[in-house]
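Reproduced below: model_20.tsv, with TSV, C-alpha atoms and all ligand atoms.
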chain	number	residue	atom	x	y	z
A	159	MET	CA	18.78	-19.42	2.70
A	160	LEU	CA	19.57	-20.44	6.27
A	161	ILE	CA	16.99	-19.27	8.80
A	162	GLY	CA	18.14	-19.06	12.40
A	163	VAL	CA	15.71	-19.37	15.30
A	164	PRO	CA	17.36	-18.36	18.58
A	165	GLN	CA	15.77	-18.92	21.96
A	166	GLU	CA	14.17	-15.71	23.25
A	167	ILE	CA	16.06	-14.30	26.24
A	168	LYS	CA	13.83	-11.45	27.43
A	169	ILE	CA	12.77	-12.02	31.05
A	170	GLY	CA	9.76	-14.31	31.20
A	171	GLU	CA	9.54	-14.67	27.41
A	172	THR	CA	7.93	-17.95	26.36
A	173	ARG	CA	7.25	-17.40	22.67
A	174	VAL	CA	9.33	-18.74	19.80
A	175	SER	CA	9.45	-17.28	16.29
A	176	MET	CA	8.80	-20.54	14.44
A	177	THR	CA	6.53	-23.51	15.06
A	178	PRO	CA	7.42	-26.95	13.70
A	179	SER	CA	4.65	-26.42	11.15
A	180	LEU	CA	6.20	-23.16	9.85
A	181	CYS	CA	9.58	-24.93	9.90
A	182	ARG	CA	8.23	-27.67	7.65
A	183	ARG	CA	6.85	-25.04	5.25
A	184	CYS	CA	10.22	-23.25	5.04
A	185	VAL	CA	12.10	-26.50	4.48
A	186	THR	CA	9.64	-27.53	1.78
A	187	LEU	CA	10.24	-24.18	0.08
A	188	GLY	CA	13.98	-24.87	0.04
A	189	ALA	CA	15.34	-23.14	3.18
A	190	LYS	CA	17.57	-24.65	5.83
A	191	VAL	CA	16.44	-24.04	9.41
A	192	LEU	CA	18.71	-23.92	12.46
A	193	VAL	CA	16.83	-23.88	15.77
A	194	GLU	CA	18.55	-23.26	19.09
A	195	LYS	CA	18.20	-26.16	21.50
A	196	SER	CA	14.99	-25.90	23.58
A	197	ALA	CA	13.94	-22.68	21.80
A	198	GLY	CA	10.32	-23.87	21.53
A	199	ILE	CA	10.01	-25.69	24.81
A	200	SER	CA	8.20	-22.97	26.76
A	201	ALA	CA	5.62	-22.76	23.96
A	202	GLY	CA	5.18	-26.53	24.09
A	203	PHE	CA	7.28	-27.46	21.01
A	204	THR	CA	10.08	-30.00	21.47
A	205	ASP	CA	13.41	-30.26	19.65
A	206	ALA	CA	12.22	-33.63	18.32
A	207	GLU	CA	9.25	-31.94	16.63
A	208	TYR	CA	11.56	-29.41	14.94
A	209	ARG	CA	13.91	-32.20	13.85
A	210	ALA	CA	10.97	-34.12	12.39
A	211	ALA	CA	10.02	-30.94	10.50
A	212	GLY	CA	13.47	-30.81	8.91
A	213	ALA	CA	15.39	-28.43	11.22
A	214	THR	CA	18.89	-28.84	12.61
A	215	ILE	CA	19.19	-28.21	16.34
A	216	ALA	CA	22.08	-25.96	17.43
A	217	ASN	CA	23.58	-26.22	20.90
A	218	SER	CA	24.18	-22.49	21.27
A	219	ALA	CA	22.71	-19.14	20.30
A	220	ARG	CA	26.19	-18.19	19.09
A	221	ARG	CA	26.03	-20.85	16.36
A	222	VAL	CA	22.55	-19.77	15.25
A	223	TRP	CA	23.58	-16.11	14.93
A	224	ARG	CA	26.89	-17.01	13.25
A	225	GLU	CA	25.42	-19.25	10.55
A	226	ALA	CA	22.03	-17.71	9.74
A	227	ASP	CA	21.38	-15.40	6.79
A	228	LEU	CA	18.02	-14.52	8.25
A	229	ILE	CA	17.44	-14.38	12.00
A	230	LEU	CA	13.80	-14.90	12.87
A	231	LYS	CA	12.95	-13.73	16.38
A	232	VAL	CA	10.06	-12.53	18.50
A	233	LYS	CA	11.39	-9.72	20.70
A	234	GLU	CA	13.94	-7.06	19.85
A	235	PRO	CA	17.59	-8.11	20.26
A	236	LEU	CA	18.84	-7.45	23.80
A	237	PRO	CA	22.34	-6.22	24.79
A	238	ALA	CA	23.53	-9.82	25.31
A	239	GLU	CA	22.72	-10.44	21.62
A	240	TYR	CA	24.31	-7.28	20.19
A	241	GLY	CA	27.73	-8.92	19.97
A	242	LEU	CA	26.26	-11.98	18.22
A	243	MET	CA	24.81	-10.06	15.25
A	244	ARG	CA	26.75	-10.48	12.04
A	245	THR	CA	27.43	-7.43	9.89
A	246	GLY	CA	24.93	-7.26	7.03
A	247	GLN	CA	22.61	-9.91	8.52
A	248	THR	CA	18.84	-9.71	8.10
A	249	ILE	CA	16.75	-9.73	11.28
A	250	PHE	CA	12.98	-10.15	11.12
A	251	THR	CA	11.37	-9.53	14.52
A	252	TYR	CA	9.60	-6.92	16.65
A	253	LEU	CA	12.12	-4.07	16.89
A	254	HIS	CA	10.23	-1.15	18.52
A	255	LEU	CA	13.09	1.19	17.61
A	256	ALA	CA	11.19	4.38	18.47
A	257	ALA	CA	11.71	3.36	22.09
A	258	GLY	CA	15.14	1.77	21.49
A	259	ALA	CA	17.88	4.31	20.80
A	260	GLU	CA	20.70	1.99	21.87
A	261	LEU	CA	19.55	-0.95	19.72
A	262	THR	CA	19.13	1.39	16.75
A	263	LYS	CA	22.77	2.47	17.04
A	264	VAL	CA	23.87	-1.18	17.02
A	265	LEU	CA	21.72	-2.02	13.97
A	266	LEU	CA	23.14	0.96	12.10
A	267	LYS	CA	26.74	0.21	13.07
A	268	LYS	CA	26.40	-3.44	12.02
A	269	ARG	CA	24.52	-2.46	8.85
A	270	ILE	CA	21.70	-4.85	9.80
A	271	LEU	CA	18.72	-5.14	7.48
A	272	GLY	CA	16.17	-4.80	10.25
A	273	ILE	CA	12.60	-5.74	9.27
A	274	ALA	CA	10.22	-4.85	12.08
A	275	TYR	CA	7.10	-6.96	12.49
A	276	GLU	CA	5.27	-3.92	13.85
A	277	THR	CA	5.56	-1.82	10.67
A	278	VAL	CA	4.90	-4.53	8.07
A	279	GLU	CA	1.68	-3.48	6.32
A	280	ALA	CA	-1.26	-5.29	4.78
A	281	THR	CA	-2.79	-3.97	1.54
A	282	ASP	CA	-5.44	-2.04	3.52
A	283	GLY	CA	-2.70	-0.21	5.48
A	284	SER	CA	-3.25	-2.22	8.67
A	285	TYR	CA	-0.48	-3.98	10.63
A	286	PRO	CA	-1.02	-7.73	10.34
A	287	LEU	CA	1.92	-8.73	12.55
A	288	LEU	CA	0.96	-6.39	15.36
A	289	LYS	CA	-2.66	-7.46	15.35
A	290	PRO	CA	-2.62	-10.93	16.95
A	291	MET	CA	-0.29	-9.85	19.78
A	292	SER	CA	-2.37	-6.73	20.39
A	293	GLN	CA	-5.50	-8.86	20.56
A	294	ILE	CA	-3.82	-11.10	23.11
A	295	ALA	CA	-2.47	-8.17	25.15
A	296	GLY	CA	-5.90	-6.53	25.10
A	297	ARG	CA	-7.62	-9.67	26.34
A	298	LEU	CA	-4.92	-10.32	28.94
A	299	SER	CA	-5.04	-6.73	30.23
A	300	ILE	CA	-8.46	-7.33	31.77
A	301	GLN	CA	-7.60	-10.62	33.46
A	302	ILE	CA	-4.37	-9.08	34.76
A	303	GLY	CA	-6.22	-5.98	35.94
A	304	ALA	CA	-8.95	-8.05	37.61
A	305	TYR	CA	-6.27	-10.05	39.45
A	306	ARG	CA	-4.27	-6.98	40.51
A	307	LEU	CA	-7.43	-5.35	41.93
A	308	GLN	CA	-7.52	-8.10	44.57
A	309	SER	CA	-7.05	-6.83	48.13
A	310	GLN	CA	-4.21	-9.21	49.04
A	311	LEU	CA	-2.16	-7.89	46.13
A	312	GLY	CA	-2.56	-4.26	47.17
A	313	GLY	CA	-5.53	-3.61	44.92
A	314	SER	CA	-8.68	-1.76	45.92
A	315	GLY	CA	-10.64	-5.01	46.35
A	316	VAL	CA	-13.12	-4.31	43.56
A	317	LEU	CA	-14.63	-7.29	41.72
A	318	LEU	CA	-15.00	-6.10	38.14
A	319	GLY	CA	-18.36	-7.75	37.55
A	320	GLY	CA	-19.66	-6.91	41.05
A	321	ILE	CA	-22.65	-8.91	42.31
A	322	PRO	CA	-26.32	-7.95	42.29
A	323	GLY	CA	-26.81	-4.93	44.56
A	324	THR	CA	-23.23	-3.64	44.16
A	325	MET	CA	-21.66	-1.31	41.65
A	326	PRO	CA	-19.56	-3.17	39.05
A	327	GLY	CA	-15.98	-2.01	38.56
A	328	HIS	CA	-15.33	0.79	36.08
A	329	VAL	CA	-12.93	-0.12	33.30
A	330	VAL	CA	-11.63	2.77	31.18
A	331	VAL	CA	-9.90	1.85	27.94
A	332	ILE	CA	-8.00	4.55	26.04
A	333	GLY	CA	-7.56	3.51	22.42
A	334	ALA	CA	-10.19	1.48	20.56
A	335	GLY	CA	-7.86	-0.32	18.14
A	336	ASN	CA	-6.89	-3.98	18.17
A	337	SER	CA	-5.82	-4.21	21.79
A	338	GLY	CA	-8.41	-1.72	23.07
A	339	ALA	CA	-11.35	-3.42	21.35
A	340	HIS	CA	-10.34	-6.80	22.77
A	341	ALA	CA	-9.95	-5.31	26.25
A	342	VAL	CA	-13.46	-3.85	25.90
A	343	GLN	CA	-14.80	-7.25	24.85
A	344	MET	CA	-13.34	-9.02	27.90
A	345	ALA	CA	-14.34	-6.27	30.34
A	346	ALA	CA	-17.90	-6.15	29.02
A	347	GLY	CA	-18.03	-9.95	29.13
A	348	MET	CA	-17.10	-9.87	32.82
A	349	GLY	CA	-19.92	-7.46	33.54
A	350	ALA	CA	-17.82	-4.37	34.26
A	351	ARG	CA	-18.92	-0.81	33.46
A	352	VAL	CA	-16.84	0.02	30.41
A	353	THR	CA	-15.85	3.36	28.91
A	354	VAL	CA	-13.69	3.51	25.80
A	355	LEU	CA	-12.08	6.64	24.37
A	356	ASP	CA	-10.46	7.19	20.97
A	357	LEU	CA	-9.77	9.99	18.51
A	358	ASP	CA	-11.19	7.93	15.64
A	359	MET	CA	-14.98	8.30	15.55
A	360	ARG	CA	-15.37	5.33	13.19
A	361	LYS	CA	-13.89	3.01	15.81
A	362	LEU	CA	-16.20	4.42	18.49
A	363	GLU	CA	-19.20	4.03	16.18
A	364	ALA	CA	-18.33	0.39	15.50
A	365	LEU	CA	-18.09	-0.37	19.23
A	366	ASP	CA	-21.31	1.52	19.94
A	367	ILE	CA	-23.16	-0.59	17.37
A	368	GLU	CA	-21.54	-3.83	18.55
A	369	TYR	CA	-22.40	-3.33	22.22
A	370	ARG	CA	-25.72	-1.50	21.69
A	371	GLY	CA	-25.05	1.03	24.38
A	372	ARG	CA	-23.65	-1.41	26.97
A	373	VAL	CA	-20.27	0.28	26.51
A	374	VAL	CA	-19.87	4.07	26.76
A	375	THR	CA	-17.85	5.52	23.88
A	376	LEU	CA	-16.21	8.94	24.25
A	377	MET	CA	-14.00	11.18	22.18
A	378	SER	CA	-10.48	11.22	23.58
A	379	ASN	CA	-9.80	14.74	24.81
A	380	PRO	CA	-8.26	16.04	28.05
A	381	ALA	CA	-11.61	16.80	29.73
A	382	ASN	CA	-13.13	13.37	29.02
A	383	ILE	CA	-9.93	11.62	29.98
A	384	GLU	CA	-9.71	13.43	33.31
A	385	ALA	CA	-13.36	12.77	34.16
A	386	GLU	CA	-13.26	9.05	33.27
A	387	VAL	CA	-9.79	8.16	34.53
A	388	SER	CA	-10.35	9.75	37.92
A	389	ASP	CA	-13.33	7.38	38.34
A	390	ALA	CA	-11.61	4.27	36.93
A	391	ASP	CA	-10.97	1.11	38.93
A	392	LEU	CA	-8.98	-0.27	36.02
A	393	LEU	CA	-7.36	1.92	33.38
A	394	ILE	CA	-6.07	0.35	30.17
A	395	GLY	CA	-3.62	2.33	27.99
A	396	ALA	CA	-4.01	1.05	24.41
A	397	VAL	CA	-3.12	3.94	22.09
A	398	LEU	CA	-0.79	3.77	19.14
A	399	ILE	CA	0.64	6.18	16.62
A	400	PRO	CA	2.28	3.72	14.22
A	401	ALA	CA	6.07	3.39	14.68
A	402	ALA	CA	6.15	6.55	16.83
A	403	LYS	CA	6.65	6.96	20.54
A	404	ALA	CA	3.28	6.70	22.30
A	405	PRO	CA	1.71	10.07	23.18
A	406	ILE	CA	1.17	10.80	26.89
A	407	VAL	CA	-2.61	10.88	27.20
A	408	VAL	CA	-2.95	10.65	30.99
A	409	SER	CA	-0.96	13.15	33.05
A	410	ARG	CA	0.50	12.58	36.51
A	411	ASN	CA	-2.10	14.98	37.96
A	412	VAL	CA	-4.92	12.81	36.63
A	413	VAL	CA	-3.30	9.62	37.97
A	414	LYS	CA	-3.17	11.34	41.40
A	415	LYS	CA	-6.96	11.66	41.26
A	416	MET	CA	-7.51	7.89	40.93
A	417	ARG	CA	-8.73	5.97	44.00
A	418	PRO	CA	-6.05	4.15	46.05
A	419	GLY	CA	-5.57	0.57	44.90
A	420	SER	CA	-6.91	1.23	41.41
A	421	VAL	CA	-4.91	-0.41	38.64
A	422	ILE	CA	-3.27	0.83	35.45
A	423	VAL	CA	-2.26	-1.62	32.71
A	424	ASP	CA	-0.37	0.32	30.03
A	425	ILE	CA	-0.26	-1.98	27.03
A	426	ALA	CA	1.44	0.75	24.98
A	427	ILE	CA	4.58	0.50	27.12
A	428	ASP	CA	6.46	-1.14	24.24
A	429	GLN	CA	6.21	2.21	22.45
A	430	GLY	CA	7.14	4.12	25.61
A	431	GLY	CA	3.74	4.09	27.36
A	432	CYS	CA	0.84	6.55	27.28
A	433	ILE	CA	0.54	7.35	31.01
A	434	GLU	CA	2.92	9.94	32.48
A	435	THR	CA	3.69	7.85	35.59
A	436	ILE	CA	4.46	4.64	33.68
A	437	ARG	CA	7.84	2.93	33.36
A	438	PRO	CA	8.56	-0.55	31.98
A	439	THR	CA	8.29	-3.53	34.32
A	440	SER	CA	8.98	-7.23	33.72
A	441	HIS	CA	7.27	-10.57	34.27
A	442	GLU	CA	9.54	-11.10	37.30
A	443	ASN	CA	8.47	-7.84	38.88
A	444	PRO	CA	5.38	-6.73	37.00
A	445	THR	CA	3.95	-3.93	39.17
A	446	TYR	CA	4.90	-0.90	41.27
A	447	LEU	CA	2.87	1.57	43.30
A	448	GLU	CA	2.84	5.28	42.50
A	449	HIS	CA	0.39	7.81	44.02
A	450	GLY	CA	-1.32	4.76	45.59
A	451	VAL	CA	-2.16	3.33	42.15
A	452	VAL	CA	-0.90	-0.10	41.00
A	453	HIS	CA	1.04	0.26	37.72
A	454	TYR	CA	1.55	-2.73	35.38
A	455	ALA	CA	3.68	-2.19	32.27
A	456	VAL	CA	5.18	-5.40	30.93
A	457	PRO	CA	6.29	-4.90	27.31
A	458	ASN	CA	5.88	-8.56	26.38
A	459	MET	CA	2.52	-9.48	27.88
A	460	PRO	CA	1.76	-12.21	25.29
A	461	ALA	CA	4.58	-14.27	26.82
A	462	LEU	CA	2.12	-15.07	29.62
A	463	VAL	CA	0.32	-17.33	27.15
A	464	GLY	CA	3.25	-18.59	25.10
A	465	ARG	CA	1.43	-21.32	23.25
A	466	THR	CA	-1.50	-19.24	21.99
A	467	SER	CA	0.82	-16.31	21.26
A	468	THR	CA	3.30	-18.38	19.29
A	469	ILE	CA	0.59	-19.90	17.15
A	470	GLY	CA	-1.12	-16.51	16.67
A	471	LEU	CA	2.14	-14.78	15.78
A	472	THR	CA	3.57	-17.40	13.45
A	473	GLN	CA	0.37	-17.82	11.45
A	474	ALA	CA	0.58	-14.07	10.81
A	475	THR	CA	4.31	-14.07	9.93
A	476	GLU	CA	4.11	-17.23	7.79
A	477	PRO	CA	3.17	-15.55	4.46
A	478	PHE	CA	6.04	-13.05	4.85
A	479	VAL	CA	8.58	-15.67	5.91
A	480	ALA	CA	7.50	-17.83	2.96
A	481	LEU	CA	7.94	-14.86	0.63
A	482	LEU	CA	11.46	-14.18	1.96
A	483	VAL	CA	12.38	-17.83	1.39
A	484	GLN	CA	10.84	-18.09	-2.07
A	485	LYS	CA	12.15	-14.83	-3.52
A	486	GLY	CA	15.19	-14.11	-1.38
A	487	VAL	CA	15.34	-11.06	0.88
A	488	GLU	CA	16.14	-8.38	-1.72
A	489	ARG	CA	13.52	-9.43	-4.27
A	490	ALA	CA	10.88	-10.01	-1.63
A	491	ILE	CA	11.34	-6.45	-0.34
A	492	ALA	CA	11.48	-4.97	-3.82
A	493	GLU	CA	8.29	-6.68	-4.93
A	494	HIS	CA	6.14	-6.51	-1.78
A	495	ARG	CA	5.27	-3.01	-0.57
A	496	GLY	CA	3.87	-4.25	2.73
A	497	LEU	CA	7.07	-6.10	3.57
A	498	ALA	CA	9.15	-3.12	2.43
A	499	ALA	CA	7.24	-0.99	4.94
A	500	GLY	CA	8.70	-3.24	7.63
A	501	VAL	CA	12.27	-2.29	6.78
A	502	ASN	CA	13.42	0.03	9.59
A	503	THR	CA	17.20	-0.08	9.06
A	504	ARG	CA	19.44	-0.99	6.14
A	505	ASP	CA	22.97	-0.21	4.99
A	506	GLY	CA	23.64	1.78	8.16
A	507	LYS	CA	20.62	4.08	7.74
A	508	ILE	CA	17.17	4.39	9.31
A	509	THR	CA	14.61	3.79	6.57
A	510	CYS	CA	11.44	4.34	8.60
A	511	GLU	CA	10.50	8.00	8.90
A	512	ALA	CA	8.57	7.67	12.17
A	513	VAL	CA	11.52	5.93	13.85
A	514	SER	CA	13.94	8.50	12.49
A	515	LYS	CA	11.79	11.34	13.84
A	516	ALA	CA	11.20	9.70	17.23
A	517	LEU	CA	14.94	9.24	17.76
A	518	GLY	CA	15.90	12.69	16.51
A	519	TYR	CA	17.74	11.52	13.38
A	520	SER	CA	15.59	13.79	11.19
B	601	LIG	N1	2.66	-4.66	26.15
B	601	LIG	C1	2.52	-5.65	25.27
B	601	LIG	O1	2.83	-6.81	25.55
B	601	LIG	C2	1.93	-5.36	23.92
B	601	LIG	C3	1.49	-6.40	23.10
B	601	LIG	C4	0.93	-6.07	21.87
B	601	LIG	C5	0.81	-4.76	21.47
B	601	LIG	N2	1.27	-3.77	22.30
B	601	LIG	C6	1.16	-2.35	21.98
B	601	LIG	O2	-0.14	-1.87	22.24
B	601	LIG	C7	-0.28	-0.62	21.58
B	601	LIG	C8	-1.63	-0.57	20.87
B	601	LIG	O3	-1.59	-1.44	19.74
B	601	LIG	P1	-2.89	-1.69	18.84
B	601	LIG	O4	-2.56	-2.80	17.91
B	601	LIG	O5	-4.09	-1.80	19.70
B	601	LIG	O6	-2.93	-0.36	18.01
B	601	LIG	P2	-4.12	0.14	17.03
B	601	LIG	O7	-3.48	0.99	16.00
B	601	LIG	O8	-4.97	-1.00	16.60
B	601	LIG	O9	-4.98	1.05	18.01
B	601	LIG	C9	-4.47	2.21	18.57
B	601	LIG	C10	-5.61	3.17	18.76
B	601	LIG	O10	-5.12	4.29	19.47
B	601	LIG	C11	-5.87	5.39	19.02
B	601	LIG	N3	-5.25	6.61	19.47
B	601	LIG	C12	-4.15	7.26	19.01
B	601	LIG	N4	-3.93	8.37	19.74
B	601	LIG	C13	-4.91	8.43	20.67
B	601	LIG	C14	-5.24	9.33	21.72
B	601	LIG	N5	-4.52	10.42	21.94
B	601	LIG	N6	-6.33	9.07	22.48
B	601	LIG	C15	-7.07	7.97	22.26
B	601	LIG	N7	-6.81	7.08	21.29
B	601	LIG	C16	-5.76	7.31	20.51
B	601	LIG	C17	-5.93	5.19	17.52
B	601	LIG	O11	-6.95	5.97	16.92
B	601	LIG	C18	-6.20	3.70	17.44
B	601	LIG	O12	-7.57	3.41	17.39
B	601	LIG	C19	0.94	-0.52	20.67
B	601	LIG	O13	1.92	0.28	21.27
B	601	LIG	C20	1.42	-1.93	20.57
B	601	LIG	O14	2.80	-2.01	20.23
B	601	LIG	C21	1.83	-4.07	23.50
Produce structure tokens that represent the structure in this file.
Amino acid sequence: MLIGVPQEIKIGETRVSMTPSLCRRCVTLGAKVLVEKSAGISAGFTDAEYRAAGATIANSARRVWREADLILKVKEPLPAEYGLMRTGQTIFTYLHLAAGAELTKVLLKKRILGIAYETVEATDGSYPLLKPMSQIAGRLSIQIGAYRLQSQLGGSGVLLGGIPGTMPGHVVVIGAGNSGAHAVQMAAGMGARVTVLDLDMRKLEALDIEYRGRVVTLMSNPANIEAEVSDADLLIGAVLIPAAKAPIVVSRNVVKKMRPGSVIVDIAIDQGGCIETIRPTSHENPTYLEHGVVHYAVPNMPALVGRTSTIGLTQATEPFVALLVQKGVERAIAEHRGLAAGVNTRDGKITCEAVSKALGYS
């Protein structure tokens, strides 16, 4: 099997889908690895390190896409890559097809076997390849929010932790899953007032026990959301309905009630976002102002910390990549239910029900 590792081309992306250490593992297991020149450089991995790990370095993305049986990526293929895909190729990456109608059409037309990191399942039904990036995005959301609250950047000038004699900032986190729980941890650590809302009482109970009342946990319903969000200095959107488009949990009318200069970080933007006023932004131009509220909605936040993200991501993908190399793609999918759950497109059809529903194919 020849594994191709193209350089990521999404704006501001710094991650790479394979470290030299994962490369060495694949080569040891019998695969050939073709890495695009400088693909790892923004995550701190040089071509020399990949060569030493047994990879061949390709001068162009075109060559990687042309020769590889399996393309290993981080972000979903972008329009500039559509023409490079080879009919029948396997692509293992984040796909986020529920929010990607155009990409889905291309994958179907080219009969791509598209395995989406975000729907690969562990035996307990959790999403092991979503988890590390969600943890990073959750942690980052607070440092980004704290920075964007600064007066010179158009924020309200609230210091999240406050100082003695002042009211700390109010951080409201909607969604208490992987990203939400890590946002809560950072916000509480900074000394903010933290409220977290979810539909899943078990997640709220766990946070209540962990923080012994230092964090307010609330059921996610329209009344609680309106009351908390209208008082938030920093609102974090962290909900997920697996593989589906994110539900809108905060309406435009509620956003209008937020104080001027307050900040929204909608982590769920990669699934369409969970705030009515949100639209995707990029690392080049990460925020916009609407109703006086700063909106941040970068779909690839972990790229801000490319080194940590690359290591976190590839240690999660490694067992699945190793399986694909050892067994070959077809057998690996046939024998591993969790990996099979990652298959979103094959033979010109959508094979993931949630994606099919979200895009109106069923
Ligand atoms: N922007 C980025 O760079 C980035 C990076 C990583 C992950 N993400 C995205 O962040 C989102 C969250 O991922 P996660 O791993 O934390 O998911 P998760 O499944 O661990 O948690 C999601 C939580 O949302 C809750 N939820 C669902 N509907 C809700 C509602 N109406 N109100 C309140 N809570 C609700 C669920 O009960 C669950 O606890 C996903 O869309 C993921 O793709 C984005």
State, in Å with one decimal place, the distance from atom CA of Leu482 of chain A to atom C9 of ligand LIG 601 (chain B). 28.3 Å
Within 6 Å of ligand LIG 601 (chain B), which residues show up when you count all atoms listed in the file? List them as a PyMOL selection string, please. chain A and resi 288-289+291-292+295+332-338+355-358+378+396-399+407+425-429+456-460
Counting only C-alpha atoms, which residue out of A:Glu239, A:Lys515, A:Gly500, A:Ala474 sits closest to Leu271 of chain A?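 The closest residue to Leu271 of chain A is A:Gly500.
Picture a line from atom CA of Pro164 of chain A to atom CA of Tyr454 of chain A; it runs 27.9 Å.
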Compile the contact shell of Ser440 of chain A as a compact mmCIF listing (two decimals) with C-alpha atoms, in the coordinates of the input: residues with an atom at most 8 Å away, counting all atoms listed in the file, same-chain residues fewer than 2 positions apart removed.
# COMPACT_ATOMS: atom_id res chain seq x y z
CA ILE A 169 12.77 -12.02 31.05
CA GLY A 170 9.76 -14.31 31.20
CA PRO A 438 8.56 -0.55 31.98
CA GLU A 442 9.54 -11.10 37.30
CA ASN A 443 8.47 -7.84 38.88
CA PRO A 444 5.38 -6.73 37.00
CA ALA A 455 3.68 -2.19 32.27
CA VAL A 456 5.18 -5.40 30.93
CA PRO A 457 6.29 -4.90 27.31
Calculated over all atoms listed in the file, which of the candidates A:Ser218, A:Thr509, A:Thr245, A:Thr204 has the smallest distance to Met176 of chain A?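 For Met176 of chain A, the nearest of the candidates is A:Thr204.
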Atom CA of Gln343 of chain A to atom CA of Ser175 of chain A, straight-line distance in Å: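 Atom CA of Ser175 of chain A sits 27.6 Å away from atom CA of Gln343 of chain A.
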Could you give me segment 442-447 of chain A completed to all heavy atoms, formatted as a PDB file, in the frame of the given file?
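Saved result, part-v7.pdb, follows:
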ATOM      1  N   GLU A 442       9.016 -10.767  35.962  1.00  0.00           N
ATOM      2  CA  GLU A 442       9.540 -11.100  37.300  1.00  0.00           C
ATOM      3  C   GLU A 442       9.013 -10.141  38.351  1.00  0.00           C
ATOM      4  O   GLU A 442       8.782 -10.498  39.488  1.00  0.00           O
ATOM      5  CB  GLU A 442      11.069 -11.030  37.285  1.00  0.00           C
ATOM      6  CG  GLU A 442      11.705 -12.364  37.031  1.00  0.00           C
ATOM      7  CD  GLU A 442      13.222 -12.297  37.017  1.00  0.00           C
ATOM      8  OE1 GLU A 442      13.801 -11.201  37.190  1.00  0.00           O
ATOM      9  OE2 GLU A 442      13.818 -13.357  36.814  1.00  0.00           O
ATOM     10  N   ASN A 443       8.870  -8.886  37.953  1.00  0.00           N
ATOM     11  CA  ASN A 443       8.470  -7.840  38.880  1.00  0.00           C
ATOM     12  C   ASN A 443       7.487  -6.914  38.151  1.00  0.00           C
ATOM     13  O   ASN A 443       7.862  -5.824  37.743  1.00  0.00           O
ATOM     14  CB  ASN A 443       9.735  -7.078  39.295  1.00  0.00           C
ATOM     15  CG  ASN A 443       9.595  -6.534  40.685  1.00  0.00           C
ATOM     16  OD1 ASN A 443       8.511  -6.594  41.272  1.00  0.00           O
ATOM     17  ND2 ASN A 443      10.669  -5.970  41.208  1.00  0.00           N
ATOM     18  N   PRO A 444       6.245  -7.383  37.984  1.00  0.00           N
ATOM     19  CA  PRO A 444       5.380  -6.730  37.000  1.00  0.00           C
ATOM     20  C   PRO A 444       4.727  -5.411  37.439  1.00  0.00           C
ATOM     21  O   PRO A 444       4.271  -4.656  36.583  1.00  0.00           O
ATOM     22  CB  PRO A 444       4.291  -7.775  36.724  1.00  0.00           C
ATOM     23  CG  PRO A 444       4.320  -8.700  37.874  1.00  0.00           C
ATOM     24  CD  PRO A 444       5.674  -8.639  38.491  1.00  0.00           C
ATOM     25  N   THR A 445       4.678  -5.132  38.754  1.00  0.00           N
ATOM     26  CA  THR A 445       3.950  -3.930  39.170  1.00  0.00           C
ATOM     27  C   THR A 445       4.775  -3.058  40.124  1.00  0.00           C
ATOM     28  O   THR A 445       5.717  -3.532  40.751  1.00  0.00           O
ATOM     29  CB  THR A 445       2.641  -4.298  39.927  1.00  0.00           C
ATOM     30  OG1 THR A 445       2.995  -5.075  41.059  1.00  0.00           O
ATOM     31  CG2 THR A 445       1.660  -5.042  39.054  1.00  0.00           C
ATOM     32  N   TYR A 446       4.392  -1.802  40.219  1.00  0.00           N
ATOM     33  CA  TYR A 446       4.900  -0.900  41.270  1.00  0.00           C
ATOM     34  C   TYR A 446       3.773   0.040  41.627  1.00  0.00           C
ATOM     35  O   TYR A 446       2.786   0.180  40.873  1.00  0.00           O
ATOM     36  CB  TYR A 446       6.151  -0.137  40.802  1.00  0.00           C
ATOM     37  CG  TYR A 446       5.932   0.751  39.602  1.00  0.00           C
ATOM     38  CD1 TYR A 446       5.543   2.081  39.739  1.00  0.00           C
ATOM     39  CD2 TYR A 446       6.084   0.259  38.314  1.00  0.00           C
ATOM     40  CE1 TYR A 446       5.316   2.889  38.626  1.00  0.00           C
ATOM     41  CE2 TYR A 446       5.861   1.057  37.202  1.00  0.00           C
ATOM     42  CZ  TYR A 446       5.483   2.370  37.357  1.00  0.00           C
ATOM     43  OH  TYR A 446       5.252   3.162  36.273  1.00  0.00           O
ATOM     44  N   LEU A 447       3.913   0.677  42.807  1.00  0.00           N
ATOM     45  CA  LEU A 447       2.870   1.570  43.300  1.00  0.00           C
ATOM     46  C   LEU A 447       3.333   3.011  43.134  1.00  0.00           C
ATOM     47  O   LEU A 447       4.466   3.339  43.498  1.00  0.00           O
ATOM     48  CB  LEU A 447       2.663   1.260  44.784  1.00  0.00           C
ATOM     49  CG  LEU A 447       1.270   1.480  45.367  1.00  0.00           C
ATOM     50  CD1 LEU A 447       0.236   0.626  44.657  1.00  0.00           C
ATOM     51  CD2 LEU A 447       1.291   1.151  46.865  1.00  0.00           C
TER      52      LEU A 447
END
